[in-house]
Amino acid sequence: MRTRLTELFGLRYPIVSAPMVFQSGGDLAGAVSKAGGLGSFGAVAPKPGAITLSYIADNLARVRQTTDKPFGIGFITPFIGANRPNFDYVLSEDVPVIMLSFGDPRPWISLAKARGRAVLCQVQTMEEARIAVGEGADGITVQGEASGGHCGERSLLPFLAEAADAFPQTPVMAAGGLGDGRTLAAVLAAGASGAWIGTAFRAVTECAETPEEDRQAILRSDGRDTVRSSVVDIVNHGACGGLVWPGGIAMRTQINPLLERWHGDEDSLAAAVTAAPEDFADLWDNPAAPNYPRLFGEAAQFVSQIETAEDFIRRITDEAEHLLARWNGAADRG
Ligand SMILES: Cc1cc2nc3c(=O)[nH]c(=O)nc-3n(C[C@H](O)[C@H](O)[C@H](O)COP(=O)(O)O)c2cc1C
């Protein structure tokens, strides 16, 4: 499969594994890149200092032990300032691709470009897309609201079509709700240069960071038991030292008792957290706890087996290739 994305980085497959902070480490990134996609891991968390330089160095070493192919390291753009040493450290290392997401990518794109790095920007609005392309991003990823984890408000296909029309010279990738050959074929047919996938990669063998409880929840989920909400971010900020996310961004997680109680009643939640932060401070302590946030999206509907990253990538790209080859403009006739 050849697309602008595969040509840009010499990839075999138009597949990117999303940087998922604390969820995608060097083992997954290395496995994806070795298999012919573009692997990545996340190096900035909402809590300042939570990702240390030694964490980054350890995960970089894991990638390098696995492959010499290109890979990326991802940053949540609005939190780079509060975690600046992480960004500077990554730029000082030989990291081929810098990934930026959620908000205005200035001045980080030009700092990375000045060091000769390729930059991919995941965007949630057309305005961010225009800034990213104008600043010289090598590619953009339009993210739809079915995504696991944090995402914006737009539906993927209209957003993708708009961006593909607006930036005909730029590789545009698609993220959010992709996880099988049909959804991959759909976004390629709609103008995408590749798929940027998070949820489905959380279930693969090499995603060592995924707690077993999350993996099982993803396997069981049909994708409809998730909700895009600010509840977890309110608790994170008020009780767990997390920074405030930009407007328009919320987090898609599996619905749990915390979400059932507070989603739609966020003002009361904010007041409750301010009044007694200690009641909420253990949110992330125990992956087996009922209120532990399980970040995944609607693409969980496609996850029904645990396989290696390579098998997953091959399976969905083979299926997409097959579908696109036999498609004659009347797919509903089979
Ligand atoms: C567990 C999890 C953590 C995530 N963390 C990050 C992150 O740190 N930085 C980022 O740019 N995107 C993050 N994302 C969003 C992904 O980049 C991507 O947009 C999303 O996973 C795509 O949708 P999908 O989950 O349906 O594949 C995260 C997603 C998940 C599921």
# chains A, B, ... in the order shown; residues from 1 in each chain; ligands from 1

call {"tool": "residues_around", "arguments": {"residues": "Gln143 of chain A", "least_positions_apart": "4", "cutoff": "9 Å", "atoms": "only C-alpha atoms", "output": "list in words"}}
result
Gln122, Val123, Gln124, Thr125, Ser147, Cys151, Gly152, Glu153, Arg154, Ser155, Leu156, Phe159, Leu160, Met173, Ala174, Ala175, Gly176 and Trp196 of chain A

call {"tool": "write_last_selection", "arguments": {"atoms": "N, CA, C and O atoms", "output": "short mmCIF file (atom, residue, chain, number, x, y, z; two decimals), in the first residue's frame"}}
result
data_model
loop_
_atom_site.label_atom_id
_atom_site.label_comp_id
_atom_site.auth_asym_id
_atom_site.auth_seq_id
_atom_site.Cartn_x
_atom_site.Cartn_y
_atom_site.Cartn_z
N GLN A 122 -1.73 16.19 15.28
CA GLN A 122 -3.11 15.71 15.37
C GLN A 122 -3.98 16.91 15.74
O GLN A 122 -3.69 17.60 16.73
N VAL A 123 -5.02 17.16 14.94
CA VAL A 123 -5.84 18.37 15.14
C VAL A 123 -7.29 17.99 15.38
O VAL A 123 -7.77 16.95 14.93
N GLN A 124 -7.97 18.90 16.08
CA GLN A 124 -9.38 18.69 16.40
C GLN A 124 -10.28 19.72 15.71
O GLN A 124 -11.49 19.59 15.74
N THR A 125 -9.67 20.76 15.11
CA THR A 125 -10.46 21.78 14.39
C THR A 125 -9.72 22.15 13.11
O THR A 125 -8.50 21.97 12.99
N SER A 147 -12.97 8.75 19.05
CA SER A 147 -11.65 8.34 19.56
C SER A 147 -11.68 7.95 21.02
O SER A 147 -12.43 8.54 21.81
N CYS A 151 -10.34 13.92 22.92
CA CYS A 151 -10.69 14.21 21.52
C CYS A 151 -11.56 15.46 21.48
O CYS A 151 -12.05 15.94 22.50
N GLY A 152 -11.71 15.97 20.25
CA GLY A 152 -12.55 17.14 20.03
C GLY A 152 -13.98 16.74 19.73
O GLY A 152 -14.42 15.65 20.11
N GLU A 153 -14.68 17.63 19.01
CA GLU A 153 -16.11 17.47 18.85
C GLU A 153 -16.54 17.03 17.46
O GLU A 153 -17.70 16.71 17.24
N ARG A 154 -15.60 17.00 16.50
CA ARG A 154 -16.03 16.77 15.12
C ARG A 154 -16.19 15.28 14.80
O ARG A 154 -15.47 14.43 15.31
N SER A 155 -17.13 15.01 13.90
CA SER A 155 -17.27 13.66 13.36
C SER A 155 -16.17 13.45 12.33
O SER A 155 -15.81 14.36 11.59
N LEU A 156 -15.65 12.23 12.29
CA LEU A 156 -14.43 12.00 11.51
C LEU A 156 -14.61 12.24 10.00
O LEU A 156 -13.82 12.98 9.40
N PHE A 159 -14.95 15.87 8.71
CA PHE A 159 -13.71 16.57 9.05
C PHE A 159 -12.59 16.15 8.08
O PHE A 159 -11.87 16.98 7.52
N LEU A 160 -12.51 14.84 7.85
CA LEU A 160 -11.48 14.32 6.95
C LEU A 160 -11.67 14.86 5.53
O LEU A 160 -10.71 15.32 4.89
N MET A 173 -3.94 12.23 7.86
CA MET A 173 -4.31 10.95 8.44
C MET A 173 -5.63 11.09 9.18
O MET A 173 -6.04 12.20 9.50
N ALA A 174 -6.25 9.94 9.46
CA ALA A 174 -7.54 9.93 10.14
C ALA A 174 -7.42 9.17 11.45
O ALA A 174 -6.74 8.14 11.51
N ALA A 175 -8.07 9.68 12.49
CA ALA A 175 -8.06 9.01 13.80
C ALA A 175 -9.46 9.03 14.40
O ALA A 175 -10.20 10.01 14.26
N GLY A 176 -9.77 7.93 15.09
CA GLY A 176 -11.01 7.90 15.84
C GLY A 176 -12.00 6.89 15.30
O GLY A 176 -12.66 7.15 14.29
N TRP A 196 -4.50 6.49 12.07
CA TRP A 196 -3.78 6.75 13.33
C TRP A 196 -4.63 6.10 14.41
O TRP A 196 -5.75 6.56 14.67
#

call {"tool": "closest_atom_pairs", "arguments": {"of": "segment 133-229 of chain A", "to": "segment 79-99 of chain A", "cutoff": "12 Å", "atoms": "only C-alpha atoms", "output": "Markdown table"}}
result
| residue | atom | partner | partner_atom | distance |
| --- | --- | --- | --- | --- |
| A:Ala137 | CA | A:Met99 | CA | 9.6 |
| A:Asp138 | CA | A:Val97 | CA | 9.5 |
| A:Gly139 | CA | A:Met99 | CA | 9.7 |
| A:Ile140 | CA | A:Met99 | CA | 9.4 |
| A:Thr141 | CA | A:Met99 | CA | 9.8 |
| A:Trp196 | CA | A:Met99 | CA | 11.5 |

call {"tool": "select_by_dssp", "arguments": {"residues": "segment 47-293 of chain A", "states": "helix (DSSP H, G or I)", "output": "number ranges by chain"}}
result
A: 53-66, 77-79, 81-92, 108-114, 126-134, 156-166, 181-189, 199-202, 212-220, 231-239, 257-262, 266-275, 277-279

call {"tool": "residues_near_ligand", "arguments": {"ligand": "ligand 1", "cutoff": "8 Å", "atoms": "only C-alpha atoms and all ligand atoms", "output": "VMD selection string"}}
result
chain A and resid 18 to 24 41 to 45 74 to 76 99 to 102 122 143 to 144 146 to 151 175 to 179 196 to 202 252 294 to 300

call {"tool": "closest_residue", "arguments": {"among": "A:Pro290, A:Gly264, A:Gly181, A:Pro211", "to": "Leu323 of chain A", "atoms": "only C-alpha atoms"}}
result
A:Gly181

call {"tool": "residues_around", "arguments": {"residues": "Thr170 of chain A", "least_positions_apart": "5", "cutoff": "12 Å", "atoms": "only C-alpha atoms", "output": "list of chain:residue names"}}
result
A:Thr3, A:Arg4, A:Leu5, A:Leu8, A:Val119, A:Leu120, A:Cys121, A:Ala129, A:Arg130, A:Ala132, A:Val133, A:Gly134, A:Gly136, A:Ala137, A:Asp138, A:Gly139, A:Ile140, A:Thr141, A:Ala163, A:Ala164, A:Asp165, A:Gly191, A:Ala192, A:Ser193, A:Gly194

call {"tool": "closest_residue", "arguments": {"among": "A:Leu184, A:Asn236, A:Thr253, A:Pro287", "to": "Glu212 of chain A", "atoms": "only C-alpha atoms"}}
result
A:Pro287

call {"tool": "select_by_dssp", "arguments": {"residues": "segment 93-311 of chain A", "states": "strand (DSSP E)", "output": "NGL selection string"}}
result
:A and (97-101 or 118-123 or 139-143 or 149-151 or 172-175 or 194-197 or 226-229 or 250-254)

call {"tool": "decode", "arguments": {"residues": "segment 278-328 of chain A", "atoms": "C-alpha atoms", "output": "PDB file, in the first residue's frame"}}
result
ATOM      1  CA  GLU A 278      -9.309  13.655  49.186  1.00  0.00           C
ATOM      2  CA  ASP A 279     -12.527  11.778  48.324  1.00  0.00           C
ATOM      3  CA  PHE A 280     -11.410  11.634  44.672  1.00  0.00           C
ATOM      4  CA  ALA A 281      -7.614  11.468  44.969  1.00  0.00           C
ATOM      5  CA  ASP A 282      -7.332   7.696  44.500  1.00  0.00           C
ATOM      6  CA  LEU A 283      -8.825   7.789  40.983  1.00  0.00           C
ATOM      7  CA  TRP A 284      -5.811   6.245  39.249  1.00  0.00           C
ATOM      8  CA  ASP A 285      -4.501   4.087  42.112  1.00  0.00           C
ATOM      9  CA  ASN A 286      -6.081   0.731  41.340  1.00  0.00           C
ATOM     10  CA  PRO A 287      -6.819  -0.545  37.811  1.00  0.00           C
ATOM     11  CA  ALA A 288      -9.280  -3.037  39.286  1.00  0.00           C
ATOM     12  CA  ALA A 289     -11.382  -0.335  41.005  1.00  0.00           C
ATOM     13  CA  PRO A 290     -14.858   0.335  39.559  1.00  0.00           C
ATOM     14  CA  ASN A 291     -14.149   4.028  38.935  1.00  0.00           C
ATOM     15  CA  TYR A 292     -10.701   3.561  37.356  1.00  0.00           C
ATOM     16  CA  PRO A 293     -10.828   5.467  34.046  1.00  0.00           C
ATOM     17  CA  ARG A 294     -10.635   3.054  31.102  1.00  0.00           C
ATOM     18  CA  LEU A 295      -9.631   5.103  28.100  1.00  0.00           C
ATOM     19  CA  PHE A 296     -10.887   3.567  24.900  1.00  0.00           C
ATOM     20  CA  GLY A 297     -13.253   4.505  22.148  1.00  0.00           C
ATOM     21  CA  GLU A 298     -15.926   3.158  19.878  1.00  0.00           C
ATOM     22  CA  ALA A 299     -13.304   1.153  17.954  1.00  0.00           C
ATOM     23  CA  ALA A 300     -13.480  -1.382  20.793  1.00  0.00           C
ATOM     24  CA  GLN A 301     -16.254  -2.940  18.713  1.00  0.00           C
ATOM     25  CA  PHE A 302     -13.550  -4.239  16.361  1.00  0.00           C
ATOM     26  CA  VAL A 303     -11.350  -5.789  19.039  1.00  0.00           C
ATOM     27  CA  SER A 304     -12.208  -9.421  19.618  1.00  0.00           C
ATOM     28  CA  GLN A 305      -8.811 -11.092  19.907  1.00  0.00           C
ATOM     29  CA  ILE A 306      -5.354 -10.474  21.287  1.00  0.00           C
ATOM     30  CA  GLU A 307      -2.786 -10.619  18.517  1.00  0.00           C
ATOM     31  CA  THR A 308       0.632  -9.155  17.828  1.00  0.00           C
ATOM     32  CA  ALA A 309       0.954  -5.656  16.435  1.00  0.00           C
ATOM     33  CA  GLU A 310       2.242  -7.122  13.184  1.00  0.00           C
ATOM     34  CA  ASP A 311      -0.671  -9.551  12.820  1.00  0.00           C
ATOM     35  CA  PHE A 312      -3.152  -6.771  13.541  1.00  0.00           C
ATOM     36  CA  ILE A 313      -1.584  -4.400  11.000  1.00  0.00           C
ATOM     37  CA  ARG A 314      -1.375  -7.100   8.325  1.00  0.00           C
ATOM     38  CA  ARG A 315      -4.921  -8.283   8.927  1.00  0.00           C
ATOM     39  CA  ILE A 316      -6.549  -4.878   8.574  1.00  0.00           C
ATOM     40  CA  THR A 317      -4.390  -3.680   5.678  1.00  0.00           C
ATOM     41  CA  ASP A 318      -4.944  -6.941   3.749  1.00  0.00           C
ATOM     42  CA  GLU A 319      -8.680  -6.593   4.279  1.00  0.00           C
ATOM     43  CA  ALA A 320      -8.658  -2.924   3.243  1.00  0.00           C
ATOM     44  CA  GLU A 321      -6.597  -3.670   0.155  1.00  0.00           C
ATOM     45  CA  HIS A 322      -8.972  -6.445  -0.821  1.00  0.00           C
ATOM     46  CA  LEU A 323     -12.013  -4.226  -0.340  1.00  0.00           C
ATOM     47  CA  LEU A 324     -10.544  -1.317  -2.258  1.00  0.00           C
ATOM     48  CA  ALA A 325      -9.429  -3.572  -5.131  1.00  0.00           C
ATOM     49  CA  ARG A 326     -12.825  -5.124  -5.676  1.00  0.00           C
ATOM     50  CA  TRP A 327     -14.858  -2.003  -5.006  1.00  0.00           C
ATOM     51  CA  ASN A 328     -16.636  -0.929  -8.150  1.00  0.00           C
TER      52      ASN A 328
END
